[in-house]
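So this one's model-v9.txt, compact mmCIF, C-alpha atoms:
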# COMPACT_ATOMS: atom_id res chain seq x y z
CA MET C 294 12.17 -4.88 32.61
CA ASN C 295 8.49 -5.53 32.43
CA LYS C 296 8.17 -9.19 31.51
CA ASN C 297 4.46 -8.93 30.69
CA GLU C 298 5.04 -6.05 28.32
CA LYS C 299 7.72 -7.96 26.43
CA ASP C 300 5.52 -11.06 26.18
CA TRP C 301 2.60 -8.95 25.00
CA ILE C 302 4.73 -7.32 22.31
CA ASP C 303 5.91 -10.74 21.14
CA ILE C 304 2.30 -11.94 20.94
CA THR C 305 1.15 -8.79 19.15
CA SER C 306 3.93 -8.87 16.55
CA GLY C 307 3.95 -12.62 16.04
CA VAL C 308 7.70 -12.22 15.49
CA ASN C 309 10.43 -14.37 16.98
CA VAL C 310 13.03 -11.67 17.65
CA ARG C 311 15.62 -14.31 18.53
CA LYS C 312 15.95 -15.22 14.86
CA CYS C 313 17.80 -11.92 14.24
CA MET C 314 21.49 -12.36 13.33
CA ARG C 315 22.32 -8.63 13.66
CA CYS C 316 23.24 -8.01 10.02
CA GLY C 317 21.57 -4.58 10.00
CA LYS C 318 20.04 -4.93 6.56
CA CYS C 319 16.65 -3.74 7.87
CA THR C 320 18.17 -0.50 9.05
CA ALA C 321 20.27 -0.09 5.91
CA THR C 322 17.18 -0.26 3.72
CA CYS C 323 14.88 1.83 5.94
CA PRO C 324 13.67 5.03 4.21
CA SER C 325 13.27 6.70 7.63
CA TYR C 326 16.75 5.79 8.85
CA ALA C 327 17.97 9.38 9.23
CA GLU C 328 14.85 10.46 11.10
CA MET C 329 14.95 7.67 13.69
CA GLU C 330 16.47 7.72 17.14
CA TYR C 331 16.09 3.93 17.34
CA HIS C 332 16.43 2.05 14.07
CA PRO C 333 14.67 -1.15 12.96
CA HIS C 334 17.51 -3.45 14.10
CA GLN C 335 17.47 -1.72 17.50
CA PHE C 336 13.74 -2.32 17.87
CA VAL C 337 14.37 -6.03 17.32
CA TYR C 338 17.38 -6.16 19.65
CA MET C 339 15.86 -4.04 22.42
CA VAL C 340 12.62 -6.03 22.41
CA GLU C 341 14.67 -9.21 22.68
CA LYS C 342 16.46 -7.78 25.71
CA GLY C 343 13.21 -6.47 27.18
CA ASP C 344 14.53 -2.92 27.02
CA ILE C 345 11.18 -1.56 25.87
CA GLU C 346 10.60 1.64 27.82
CA PRO C 347 12.91 3.82 25.66
CA LEU C 348 11.14 2.55 22.52
CA LEU C 349 7.68 3.29 23.93
CA ASN C 350 8.72 6.88 24.58
CA SER C 351 10.56 7.50 21.33
CA ASP C 352 9.31 9.46 18.34
CA SER C 353 10.86 6.73 16.18
CA LEU C 354 7.55 4.89 16.55
CA TYR C 355 5.92 7.50 14.34
CA LYS C 356 8.70 7.67 11.75
CA CYS C 357 8.15 4.13 10.45
CA LEU C 358 6.31 4.40 7.11
CA THR C 359 5.09 0.77 7.12
CA CYS C 360 6.65 0.33 3.69
CA PHE C 361 7.67 -3.27 4.55
CA ALA C 362 11.13 -2.84 2.99
CA CYS C 363 12.70 -4.35 6.13
CA VAL C 364 10.17 -7.19 6.13
CA GLU C 365 10.89 -8.04 2.51
CA ARG C 366 14.67 -7.78 2.72
CA CYS C 367 15.47 -9.46 6.04
CA PRO C 368 17.52 -12.56 5.21
CA ARG C 369 16.21 -14.30 8.34
CA GLY C 370 12.53 -13.48 7.92
CA VAL C 371 12.42 -11.57 11.21
CA GLU C 372 9.96 -8.94 9.90
CA PRO C 373 11.12 -5.89 11.92
CA ALA C 374 8.18 -3.66 10.85
CA LYS C 375 5.87 -6.00 12.73
CA VAL C 376 7.94 -5.43 15.88
CA VAL C 377 7.77 -1.65 15.40
CA GLU C 378 4.00 -1.95 14.88
CA ALA C 379 3.60 -3.99 18.06
CA VAL C 380 5.57 -1.46 20.14
CA ARG C 381 3.65 1.43 18.55
CA LEU C 382 0.32 -0.24 19.37
CA THR C 383 1.47 -0.90 22.93
CA ALA C 384 2.10 2.83 23.22
CA VAL C 385 -1.06 4.19 21.58
CA ARG C 386 -3.46 1.63 23.04
CA LYS C 387 -2.86 3.21 26.47
CA GLN C 388 -5.57 5.71 27.33
CA GLY C 389 -4.60 9.27 26.50
CA ASN C 390 -1.57 8.24 24.49
CA ASN C 391 -2.78 8.89 20.95
CA HIS C 392 -0.15 10.47 18.75
CA LEU C 393 -2.73 12.27 16.58
CA ILE C 394 -6.03 13.84 17.59
CA PRO C 395 -8.79 14.98 15.22
CA ASP C 396 -8.39 18.64 16.15
CA GLN C 397 -4.90 18.61 14.66
CA ILE C 398 -6.11 17.46 11.25
CA PRO C 399 -7.50 20.65 9.62
CA ALA C 400 -4.15 22.41 9.85
CA MET C 401 -2.47 19.47 8.11
CA LEU C 402 -4.72 19.50 5.06
CA ASP C 403 -4.60 21.18 1.68
CA ASP C 404 -6.99 20.84 -1.26
CA ASP C 405 -5.21 17.84 -2.74
CA MET C 406 -4.50 15.76 0.36
CA PRO C 407 -6.04 12.34 -0.28
CA GLN C 408 -8.36 10.79 2.32
CA GLN C 409 -6.02 7.81 2.22
CA ALA C 410 -3.37 9.84 4.08
CA ILE C 411 -5.77 10.81 6.85
CA VAL C 412 -7.23 7.36 7.47
CA THR C 413 -3.81 5.74 7.32
CA ALA C 414 -2.35 8.22 9.80
CA PHE C 415 -5.25 7.57 12.16
CA ARG C 416 -4.78 3.82 11.88
CA LYS C 417 -1.10 4.20 12.67
CA TYR C 418 -1.11 6.92 15.28
CA THR C 419 -4.28 6.42 17.31
CA LYS C 420 -6.50 3.84 18.97
CA MET U 216 -18.25 -10.53 -20.60
CA GLU U 217 -16.75 -11.57 -17.28
CA THR U 218 -18.08 -10.01 -14.09
CA PHE U 219 -15.93 -8.94 -11.16
CA THR U 220 -16.69 -7.14 -7.92
CA TYR U 221 -15.09 -3.71 -7.96
CA TYR U 222 -14.02 -1.93 -4.78
CA PRO U 223 -13.11 1.74 -5.36
CA GLY U 224 -12.33 2.83 -1.79
CA CYS U 225 -12.69 6.26 -0.19
CA THR U 226 -10.11 8.30 -2.08
CA LEU U 227 -11.33 7.24 -5.52
CA ARG U 228 -14.65 8.88 -4.75
CA THR U 229 -13.07 12.23 -3.96
CA LYS U 230 -9.46 13.22 -4.61
CA ALA U 231 -8.61 10.43 -7.05
CA LYS U 232 -11.62 10.40 -9.36
CA GLU U 233 -9.40 10.01 -12.44
CA LEU U 234 -8.04 6.75 -11.08
CA ASP U 235 -11.59 5.42 -10.75
CA THR U 236 -13.39 6.87 -13.80
CA TYR U 237 -10.84 5.70 -16.34
CA ALA U 238 -10.53 2.28 -14.74
CA ARG U 239 -14.27 1.76 -15.22
CA ALA U 240 -14.35 3.17 -18.75
CA ALA U 241 -11.42 1.04 -19.89
CA ALA U 242 -12.86 -2.14 -18.34
CA GLU U 243 -15.99 -1.74 -20.42
CA VAL U 244 -13.99 -1.54 -23.65
CA LEU U 245 -11.91 -4.53 -22.58
CA GLY U 246 -14.97 -6.71 -21.98
CA ILE U 247 -14.90 -6.72 -18.19
CA SER U 248 -17.99 -5.93 -16.16
CA LEU U 249 -17.22 -4.28 -12.80
CA VAL U 250 -19.94 -4.37 -10.15
CA GLU U 251 -19.58 -2.17 -7.09
CA PRO U 252 -20.87 -3.73 -3.86
CA GLU U 253 -23.51 -1.81 -1.93
CA ASN U 254 -22.61 0.00 1.28
CA TRP U 255 -18.89 -0.71 1.13
CA GLN U 256 -16.71 0.69 3.89
CA CYS U 257 -13.28 2.30 3.86
CA CYS U 258 -10.50 -0.31 4.02
CA GLY U 259 -8.69 1.68 6.70
CA GLY U 260 -5.76 2.69 4.52
CA ALA U 261 -3.23 0.59 6.39
CA TYR U 262 -3.22 -3.03 7.48
CA THR U 263 -2.16 -3.71 11.02
CA THR U 264 0.07 -6.73 11.27
CA ALA U 265 -0.89 -7.12 14.95
CA THR U 266 -2.01 -10.69 15.52
CA ASN U 267 -4.32 -9.70 18.38
CA GLU U 268 -6.37 -7.08 16.57
CA VAL U 269 -9.48 -7.99 14.64
CA SER U 270 -11.85 -5.00 14.53
CA THR U 271 -9.66 -2.96 12.17
CA LYS U 272 -9.70 -5.84 9.68
CA LEU U 273 -13.46 -6.33 9.49
CA SER U 274 -14.26 -3.88 6.71
CA ALA U 275 -11.75 -5.64 4.47
CA VAL U 276 -13.38 -8.99 5.25
CA ARG U 277 -16.81 -7.59 4.37
CA THR U 278 -15.44 -6.43 1.03
CA LEU U 279 -13.80 -9.80 0.43
CA MET U 280 -17.07 -11.58 1.12
CA ALA U 281 -18.83 -9.38 -1.43
CA GLY U 282 -16.25 -10.62 -3.93
CA LYS U 283 -17.35 -14.23 -3.45
CA GLU U 284 -20.40 -13.66 -5.63
CA THR U 285 -18.37 -12.93 -8.77
CA LYS U 286 -15.16 -14.13 -10.41
CA GLY U 287 -13.09 -12.07 -8.02
CA LEU U 288 -12.53 -8.77 -6.28
CA VAL U 289 -10.82 -5.96 -8.19
CA THR U 290 -9.09 -3.00 -6.54
CA VAL U 291 -7.23 -0.11 -8.12
CA CYS U 292 -5.90 1.97 -5.22
CA SER U 293 -2.59 0.55 -3.98
CA ALA U 294 -3.57 1.00 -0.33
CA CYS U 295 -6.93 -0.80 -0.64
CA HIS U 296 -5.19 -3.52 -2.59
CA ASN U 297 -2.56 -3.93 0.12
CA VAL U 298 -4.99 -4.00 3.05
CA ILE U 299 -7.41 -6.39 1.36
CA LYS U 300 -4.74 -8.81 0.15
CA GLN U 301 -2.98 -8.90 3.51
CA THR U 302 -6.30 -9.53 5.25
CA ASN U 303 -7.11 -12.31 2.80
CA TYR U 304 -3.68 -13.88 3.23
CA ASP U 305 -3.81 -13.84 7.03
CA ILE U 306 -7.40 -15.06 7.40
CA ALA U 307 -6.69 -18.00 5.10
CA ARG U 308 -3.82 -19.10 7.34
CA ASN U 309 -5.12 -18.22 10.77
CA GLU U 310 -8.06 -20.33 11.94
CA ALA U 311 -8.42 -18.34 15.19
CA MET U 312 -8.71 -15.09 13.22
CA ALA U 313 -11.32 -16.61 10.90
CA VAL U 314 -13.41 -17.82 13.83
CA LYS U 315 -13.13 -14.51 15.67
CA VAL U 316 -14.27 -12.63 12.55
CA GLN U 317 -17.11 -15.13 12.04
CA ARG U 318 -18.40 -14.54 15.57
CA TYR U 319 -17.92 -10.80 15.38
CA LEU U 320 -19.86 -10.49 12.13
CA GLY U 321 -22.37 -13.21 12.96
CA LEU U 322 -21.59 -15.23 9.83
CA GLU U 323 -23.14 -18.62 9.26
CA GLU U 324 -19.88 -19.90 7.86
CA ALA U 325 -16.39 -18.60 8.53
CA TYR U 326 -14.73 -16.67 5.70
CA LYS U 327 -11.38 -18.33 5.01
CA GLY U 328 -9.87 -16.37 2.17
CA GLU U 329 -11.78 -17.94 -0.73
CA THR U 330 -12.09 -14.76 -2.80
CA MET U 331 -9.52 -14.17 -5.52
CA VAL U 332 -8.22 -10.59 -5.28
CA TYR U 333 -6.89 -8.79 -8.36
CA HIS U 334 -5.25 -5.45 -8.59
CA TYR U 335 -6.47 -3.77 -11.80
CA LEU U 336 -2.99 -4.29 -13.28
CA GLU U 337 -3.31 -8.01 -12.54
CA LEU U 338 -6.70 -7.98 -14.22
CA LEU U 339 -5.05 -6.50 -17.32
CA ARG U 340 -2.24 -9.07 -17.21
CA ASP U 341 -4.06 -12.23 -16.13
CA VAL U 342 -7.65 -11.84 -17.36
CA VAL U 343 -7.52 -9.44 -20.32
CA GLY U 344 -3.91 -10.16 -21.28
CA PHE U 345 -1.38 -7.48 -22.28
CA ASP U 346 -1.38 -8.83 -25.87
CA LYS U 347 -5.12 -8.30 -26.17
CA LEU U 348 -4.83 -4.86 -24.58
CA LYS U 349 -2.18 -3.96 -27.17
CA GLU U 350 -4.60 -4.85 -29.98
CA LYS U 351 -7.19 -2.43 -28.58
CA VAL U 352 -4.81 0.53 -28.39
CA VAL U 353 -5.76 3.27 -30.86
CA ASN U 354 -3.58 6.03 -29.49
CA PRO U 355 -0.17 4.55 -28.61
CA PHE U 356 2.38 6.41 -26.46
CA LYS U 357 5.00 6.15 -29.19
CA GLY U 358 8.43 7.46 -28.24
CA LYS U 359 7.32 8.32 -24.70
CA LYS U 360 9.68 7.30 -21.92
CA ILE U 361 7.49 6.35 -19.00
CA ALA U 362 8.70 5.52 -15.49
CA ALA U 363 6.58 3.04 -13.53
CA TYR U 364 6.43 3.87 -9.84
CA TYR U 365 5.48 0.87 -7.72
CA GLY U 366 6.20 2.36 -4.32
CA CYS U 367 5.74 -0.02 -1.42
CA LEU U 368 2.08 -0.99 -1.25
CA LEU U 369 1.72 -2.80 -4.58
CA LEU U 370 4.50 -5.28 -3.97
CA ARG U 371 5.13 -5.79 -0.27
CA PRO U 372 4.99 -7.97 1.68
CA SER U 373 5.35 -10.17 -1.39
CA LYS U 374 4.20 -13.34 0.39
CA ALA U 375 0.74 -11.81 0.79
CA LEU U 376 0.61 -9.51 -2.25
CA ALA U 377 1.96 -12.13 -4.69
CA MET U 378 1.69 -9.71 -7.58
CA ASP U 379 5.19 -9.65 -8.96
CA ASN U 380 8.86 -10.00 -8.01
CA PRO U 381 9.20 -7.41 -5.22
CA GLU U 382 12.72 -6.37 -6.18
CA ASN U 383 12.53 -6.65 -9.94
CA PRO U 384 8.89 -6.19 -10.93
CA VAL U 385 7.77 -6.15 -14.58
CA ILE U 386 3.99 -5.80 -14.54
CA MET U 387 3.86 -2.02 -14.94
CA GLU U 388 6.66 -2.03 -17.51
CA ASP U 389 4.74 -4.65 -19.51
CA PHE U 390 1.67 -2.42 -19.23
CA ILE U 391 3.69 0.53 -20.57
CA ARG U 392 4.86 -1.59 -23.53
CA ALA U 393 1.30 -2.69 -24.22
CA ILE U 394 0.15 0.92 -24.58
CA GLY U 395 3.06 1.66 -26.91
CA GLY U 396 5.40 3.49 -24.53
CA THR U 397 9.00 2.81 -23.54
CA PRO U 398 9.48 1.83 -19.88
CA VAL U 399 12.25 3.48 -17.89
CA ILE U 400 13.93 1.37 -15.21
CA TYR U 401 15.31 3.36 -12.27
CA ALA U 402 16.62 2.58 -8.81
CA GLN U 403 13.87 4.10 -6.65
CA ARG U 404 10.87 2.55 -8.41
CA ASN U 405 10.00 0.26 -5.49
CA GLU U 406 11.06 2.52 -2.61
CA CYS U 407 8.64 4.47 -0.40
CA CYS U 408 7.40 7.99 -1.34
CA GLY U 409 7.01 9.00 2.31
CA GLY U 410 3.35 7.99 2.50
CA TYR U 411 1.28 9.42 5.34
CA ILE U 412 4.29 11.10 6.98
CA THR U 413 3.34 14.10 4.81
CA MET U 414 0.66 14.83 7.40
CA GLU U 415 3.19 15.82 10.05
CA ASP U 416 6.63 15.90 8.49
CA LYS U 417 6.78 17.61 5.10
CA ALA U 418 10.59 17.52 5.09
CA GLN U 419 10.72 13.74 5.24
CA ALA U 420 8.03 13.42 2.56
CA ALA U 421 10.00 15.86 0.38
CA LYS U 422 13.19 13.88 0.84
CA ARG U 423 11.62 10.56 -0.11
CA SER U 424 9.46 11.74 -3.01
CA GLY U 425 12.28 13.97 -4.27
CA ALA U 426 14.60 10.95 -4.38
CA VAL U 427 12.05 8.99 -6.43
CA MET U 428 11.54 11.76 -8.98
CA ALA U 429 15.26 12.53 -9.27
CA SER U 430 16.01 8.85 -9.86
CA ALA U 431 13.39 8.60 -12.65
CA GLU U 432 14.53 11.87 -14.25
CA GLU U 433 18.14 10.77 -14.16
CA MET U 434 17.20 7.75 -16.27
CA GLY U 435 15.51 9.98 -18.83
CA ALA U 436 11.82 9.62 -17.98
CA ASP U 437 9.28 12.01 -19.57
CA MET U 438 6.61 11.13 -17.04
CA ILE U 439 5.92 8.84 -14.11
CA ILE U 440 2.85 6.68 -13.42
CA THR U 441 1.39 5.29 -10.22
CA ALA U 442 -1.64 3.39 -8.90
CA CYS U 443 -1.63 5.16 -5.53
CA PRO U 444 -3.35 8.47 -4.66
CA LEU U 445 -0.92 9.16 -1.82
CA CYS U 446 2.13 8.47 -4.02
CA LEU U 447 0.67 10.83 -6.62
CA TYR U 448 0.17 13.50 -3.97
CA ASN U 449 3.70 13.19 -2.59
CA LEU U 450 5.34 13.08 -6.01
CA LYS U 451 3.38 16.12 -7.20
CA LYS U 452 3.27 18.29 -4.10
CA ASN U 453 6.33 17.37 -2.07
CA SER U 454 9.04 16.25 -4.47
CA GLY U 455 10.03 19.66 -5.85
CA SER U 456 10.04 18.16 -9.36
CA ASP U 457 7.71 19.25 -12.16
CA MET U 458 7.87 16.04 -14.17
CA PRO U 459 4.26 15.02 -14.93
CA VAL U 460 2.74 12.37 -12.66
CA TYR U 461 -0.31 10.36 -13.81
CA TYR U 462 -2.43 7.48 -12.69
CA PHE U 463 -1.81 4.46 -14.88
CA THR U 464 -5.55 4.38 -15.66
CA GLU U 465 -5.31 7.84 -17.25
CA LEU U 466 -2.74 6.55 -19.73
CA LEU U 467 -4.76 3.41 -20.28
CA ALA U 468 -7.86 5.42 -21.15
CA GLU U 469 -5.88 7.76 -23.40
CA ALA U 470 -4.34 4.81 -25.25
CA LEU U 471 -7.79 3.28 -25.74
CA GLY U 472 -9.14 6.58 -27.08
CA LEU U 473 -11.37 7.16 -24.07
CA LYS U 474 -9.74 10.33 -22.80
CA GLU U 475 -9.33 13.66 -24.52
CA ASP U 476 -5.81 15.05 -24.24
CA GLY U 477 -3.81 13.56 -27.06
CA ASN U 478 -0.23 12.53 -26.57
CA GLU U 479 1.03 14.06 -29.84

File written out as C-alpha cells:
Amino acid sequence: MNKNEKDWIDITSGVNVRKCMRCGKCTATCPSYAEMEYHPHQFVYMVEKGDIEPLLNSDSLYKCLTCFACVERCPRGVEPAKVVEAVRLTAVRKQGNNHLIPDQIPAMLDDDMPQQAIVTAFRKYTK
Amino acid sequence: METFTYYPGCTLRTKAKELDTYARAAAEVLGISLVEPENWQCCGGAYTTATNEVSTKLSAVRTLMAGKETKGLVTVCSACHNVIKQTNYDIARNEAMAVKVQRYLGLEEAYKGETMVYHYLELLRDVVGFDKLKEKVVNPFKGKKIAAYYGCLLLRPSKALAMDNPENPVIMEDFIRAIGGTPVIYAQRNECCGGYITMEDKAQAAKRSGAVMASAEEMGADMIITACPLCLYNLKKNSGSDMPVYYFTELLAEALGLKEDGNE
C-alpha cells in the first residue's frame, strides 16, 4: 500500500471514506453498475483500506457518468463520486496516462454530436 | 425591464441553436433583457469535484464575475448550469479556493460567490412567475401529455444546485402546466441518459437513454422535453425510440406564438 497515494486521494476528494456504513445504496443506484468491475461502494472501501492499485488500473474509472446519483442518495453523505473522481484524476494526471487522445475524436463524431460531449469527455478522461 | 447576464455556452452556438434562439426570443416577450458577456469561455462541460484543482474552474469564475454587473447570471444548458453553480457554491465556502483564484486571475478583490445564478427555468419561476407566463400563452399545448426529463445535471448535487427537490422535482411540470400541457410523471425522469459515455460506449448510452424513453412512453407521454443538448442527443440518437424530443425553450416559444409549427 502506498500511503502517500491514499493520502493524496483523500485530499483530492475531500471525502472522509470512514463515514461509510457499507449499505451499498450508492452501487444500487449507479446507472453504470453493470458496466463496472469495481462499483462505487468498492471504491470507497478500497480507498479506505489503501487498496488503490486495482482501482487505478480498472476501466471502471471511465464508466462513472458523474451523474451524482450516489452523492445525492448516500445516507451518510460520503459522496462516492468524489472518490471515483479523485482516483480517476490520480490515474490520468500521470504523464502518458490519458484515457482519450485528440486523434481518437473524429471517429467518435457524427453530425449531431454536441460539443458538450467532447469537452466533458476531455475533462473526465485527460489531463 | 430587468437585465440579466446571459451565458449561452459552446453547444448553444452550434448544435443546440434552438435552445438558445428561443430562450432569447421568449425572454424579450416576457420583459427580461439578456446581455451576453464579451469573450466568454467554454465552461468545460463537467465540474471537477477535486479540491486541489483550480485551473479547470477559472472560466466558470470569469463568467460568474461578469454576472455581478447585472441582477444575476442566467444559463440554459444543463451542463453550463451545473458547472457554474457548483463553482459558485464551492468558492463561497472555500476561502483557500477564492484566494487561489484571485491570485491566478490577478483580481483586486477575491470573488466569493456573490453572483446569483439562475437556470432559465428558475428565471421563469422566480422572476417572471409561472402565473404571468400562463397569461402570455397564445398557443397552449392543450391535451398534450408532456414528459419532463431532468436528467442529472439540473438537480444534482442538490446542495449546490438548489433548484428543486432532487428526488421529486416540480419545476418543469409547473412549466408544462403554464404552457397548457399535461405533465407526465415517470420513474426515470431524474436518472442519467448516459451522458458523454456515448463517445466511446454506444451500448451503455443506448441502455440508459432507452430506459428513460421507455419509462416516459409507458406512462403515456406524447413527447419529452429537456434543457440539455447531450440528453437530447442521447434520447434522439441512442434510445431506439421515435417519441419526439424537444428543448423546453422550443415549446415555450411555440406557446408564446414565437415559433412556426403549430401544435394542432

- Distance filter 10 Å, all atoms listed in the file, chain U against chain C, as a ChimeraX atom specification: /U:224-231,257-268,271,292,294-295,366-368,370-374,381-382,405-417,419-420,422-423,443-449,451-452

Written file, previous selection with C-alpha atoms, as a PDB file, in the frame of the given file:
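The resulting file, again-v6.pdb, is shown below:
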ATOM      1  CA  GLY U 224     -12.330   2.830  -1.790  1.00  0.00           C
ATOM      2  CA  CYS U 225     -12.690   6.260  -0.190  1.00  0.00           C
ATOM      3  CA  THR U 226     -10.110   8.300  -2.080  1.00  0.00           C
ATOM      4  CA  LEU U 227     -11.330   7.240  -5.520  1.00  0.00           C
ATOM      5  CA  ARG U 228     -14.650   8.880  -4.750  1.00  0.00           C
ATOM      6  CA  THR U 229     -13.070  12.230  -3.960  1.00  0.00           C
ATOM      7  CA  LYS U 230      -9.460  13.220  -4.610  1.00  0.00           C
ATOM      8  CA  ALA U 231      -8.610  10.430  -7.050  1.00  0.00           C
ATOM      9  CA  CYS U 257     -13.280   2.300   3.860  1.00  0.00           C
ATOM     10  CA  CYS U 258     -10.500  -0.310   4.020  1.00  0.00           C
ATOM     11  CA  GLY U 259      -8.690   1.680   6.700  1.00  0.00           C
ATOM     12  CA  GLY U 260      -5.760   2.690   4.520  1.00  0.00           C
ATOM     13  CA  ALA U 261      -3.230   0.590   6.390  1.00  0.00           C
ATOM     14  CA  TYR U 262      -3.220  -3.030   7.480  1.00  0.00           C
ATOM     15  CA  THR U 263      -2.160  -3.710  11.020  1.00  0.00           C
ATOM     16  CA  THR U 264       0.070  -6.730  11.270  1.00  0.00           C
ATOM     17  CA  ALA U 265      -0.890  -7.120  14.950  1.00  0.00           C
ATOM     18  CA  THR U 266      -2.010 -10.690  15.520  1.00  0.00           C
ATOM     19  CA  ASN U 267      -4.320  -9.700  18.380  1.00  0.00           C
ATOM     20  CA  GLU U 268      -6.370  -7.080  16.570  1.00  0.00           C
ATOM     21  CA  THR U 271      -9.660  -2.960  12.170  1.00  0.00           C
ATOM     22  CA  CYS U 292      -5.900   1.970  -5.220  1.00  0.00           C
ATOM     23  CA  ALA U 294      -3.570   1.000  -0.330  1.00  0.00           C
ATOM     24  CA  CYS U 295      -6.930  -0.800  -0.640  1.00  0.00           C
ATOM     25  CA  GLY U 366       6.200   2.360  -4.320  1.00  0.00           C
ATOM     26  CA  CYS U 367       5.740  -0.020  -1.420  1.00  0.00           C
ATOM     27  CA  LEU U 368       2.080  -0.990  -1.250  1.00  0.00           C
ATOM     28  CA  LEU U 370       4.500  -5.280  -3.970  1.00  0.00           C
ATOM     29  CA  ARG U 371       5.130  -5.790  -0.270  1.00  0.00           C
ATOM     30  CA  PRO U 372       4.990  -7.970   1.680  1.00  0.00           C
ATOM     31  CA  SER U 373       5.350 -10.170  -1.390  1.00  0.00           C
ATOM     32  CA  LYS U 374       4.200 -13.340   0.390  1.00  0.00           C
ATOM     33  CA  PRO U 381       9.200  -7.410  -5.220  1.00  0.00           C
ATOM     34  CA  GLU U 382      12.720  -6.370  -6.180  1.00  0.00           C
ATOM     35  CA  ASN U 405      10.000   0.260  -5.490  1.00  0.00           C
ATOM     36  CA  GLU U 406      11.060   2.520  -2.610  1.00  0.00           C
ATOM     37  CA  CYS U 407       8.640   4.470  -0.400  1.00  0.00           C
ATOM     38  CA  CYS U 408       7.400   7.990  -1.340  1.00  0.00           C
ATOM     39  CA  GLY U 409       7.010   9.000   2.310  1.00  0.00           C
ATOM     40  CA  GLY U 410       3.350   7.990   2.500  1.00  0.00           C
ATOM     41  CA  TYR U 411       1.280   9.420   5.340  1.00  0.00           C
ATOM     42  CA  ILE U 412       4.290  11.100   6.980  1.00  0.00           C
ATOM     43  CA  THR U 413       3.340  14.100   4.810  1.00  0.00           C
ATOM     44  CA  MET U 414       0.660  14.830   7.400  1.00  0.00           C
ATOM     45  CA  GLU U 415       3.190  15.820  10.050  1.00  0.00           C
ATOM     46  CA  ASP U 416       6.630  15.900   8.490  1.00  0.00           C
ATOM     47  CA  LYS U 417       6.780  17.610   5.100  1.00  0.00           C
ATOM     48  CA  GLN U 419      10.720  13.740   5.240  1.00  0.00           C
ATOM     49  CA  ALA U 420       8.030  13.420   2.560  1.00  0.00           C
ATOM     50  CA  LYS U 422      13.190  13.880   0.840  1.00  0.00           C
ATOM     51  CA  ARG U 423      11.620  10.560  -0.110  1.00  0.00           C
ATOM     52  CA  CYS U 443      -1.630   5.160  -5.530  1.00  0.00           C
ATOM     53  CA  PRO U 444      -3.350   8.470  -4.660  1.00  0.00           C
ATOM     54  CA  LEU U 445      -0.920   9.160  -1.820  1.00  0.00           C
ATOM     55  CA  CYS U 446       2.130   8.470  -4.020  1.00  0.00           C
ATOM     56  CA  LEU U 447       0.670  10.830  -6.620  1.00  0.00           C
ATOM     57  CA  TYR U 448       0.170  13.500  -3.970  1.00  0.00           C
ATOM     58  CA  ASN U 449       3.700  13.190  -2.590  1.00  0.00           C
ATOM     59  CA  LYS U 451       3.380  16.120  -7.200  1.00  0.00           C
ATOM     60  CA  LYS U 452       3.270  18.290  -4.100  1.00  0.00           C
TER      61      LYS U 452
END

- For CA of Glu233 (chain U) and CA of Pro395 (chain C), quote the distance in Å rounded to one decimal. 28.1 Å

- Between CA of Pro399 (chain C) and CA of Tyr418 (chain C), distance in Å (one decimal):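 Atom-to-atom, CA of Pro399 (chain C) and CA of Tyr418 (chain C) are spaced 16.2 Å apart.
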
- In Å, with one decimal, what is the gap from CA of Val353 (chain U) to CA of Ala393 (chain U)?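 That distance, rounded to one decimal, is 11.4 Å.
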
- Which of these, C:Asp403, C:Glu330, C:Asp396, C:Asp300, has the shortest distance to Leu348 (chain C) once you count all atoms listed in the file?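 Answer, going by the shortest atom-to-atom distance: C:Glu330.
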
- Message: With distances taken over only C-alpha atoms, which residue among U:Asn354, U:Ser424, U:Asn380, U:Ser454 lies nearest Glu469 (chain U)?
- Response: U:Asn354

- Query: Between C:Asp352, C:His392, C:Arg311, C:Pro373, which has the minimum distance to Gln335 (chain C) (counting all atoms listed in the file)?
  - Reply: C:Pro373

- Got a sec: who's within 7 Å of region 332-336 of chain U, counting only C-alpha atoms, leaving out chain neighbours fewer than 3 positions off, as a PyMOL selection string? chain U and resi 287-291+296+300+339-340

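For the point (-18.3, -12.0, 10.6) in file coordinates, the residues within 12 Å, using only C-alpha atoms, are Val269, Ser270, Lys272, Leu273, Ser274, Ala275, Val276, Arg277, Thr278, Leu279, Met280, Ile306, Met312, Ala313, Val314, Lys315, Val316, Gln317, Arg318, Tyr319, Leu320, Gly321, Leu322, Glu323, Glu324, Ala325, Tyr326 and Lys327 of chain U.
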
- Message: as a PyMOL selection string, please: the residues near Tyr401 (chain U) (cut-off 9 Å, only C-alpha atoms, same-chain neighbours under 6 positions excluded).
- Response: chain U and resi 362-363+427+430-434

Taking (5.5, -1.8, 25.0) as a centre in this file's frame and 10 Å as the limit, can you find every polymer residue with an atom that close, using only C-alpha atoms, and give them as a compact mmCIF listing (two decimals) with C-alpha atoms, keeping the file's coordinate frame?
# COMPACT_ATOMS: atom_id res chain seq x y z
CA ASN C 295 8.49 -5.53 32.43
CA ASN C 297 4.46 -8.93 30.69
CA GLU C 298 5.04 -6.05 28.32
CA LYS C 299 7.72 -7.96 26.43
CA ASP C 300 5.52 -11.06 26.18
CA TRP C 301 2.60 -8.95 25.00
CA ILE C 302 4.73 -7.32 22.31
CA ASP C 303 5.91 -10.74 21.14
CA VAL C 340 12.62 -6.03 22.41
CA GLY C 343 13.21 -6.47 27.18
CA ASP C 344 14.53 -2.92 27.02
CA ILE C 345 11.18 -1.56 25.87
CA GLU C 346 10.60 1.64 27.82
CA PRO C 347 12.91 3.82 25.66
CA LEU C 348 11.14 2.55 22.52
CA LEU C 349 7.68 3.29 23.93
CA ASN C 350 8.72 6.88 24.58
CA VAL C 377 7.77 -1.65 15.40
CA ALA C 379 3.60 -3.99 18.06
CA VAL C 380 5.57 -1.46 20.14
CA ARG C 381 3.65 1.43 18.55
CA LEU C 382 0.32 -0.24 19.37
CA THR C 383 1.47 -0.90 22.93
CA ALA C 384 2.10 2.83 23.22
CA VAL C 385 -1.06 4.19 21.58
CA ARG C 386 -3.46 1.63 23.04
CA LYS C 387 -2.86 3.21 26.47

- If you count only C-alpha atoms, which residues fall within 10 Å of Cys313 (chain C), apart from same-chain ones fewer than 6 positions away, as a ChimeraX atom specification? /C:334,337-338,341,367-373
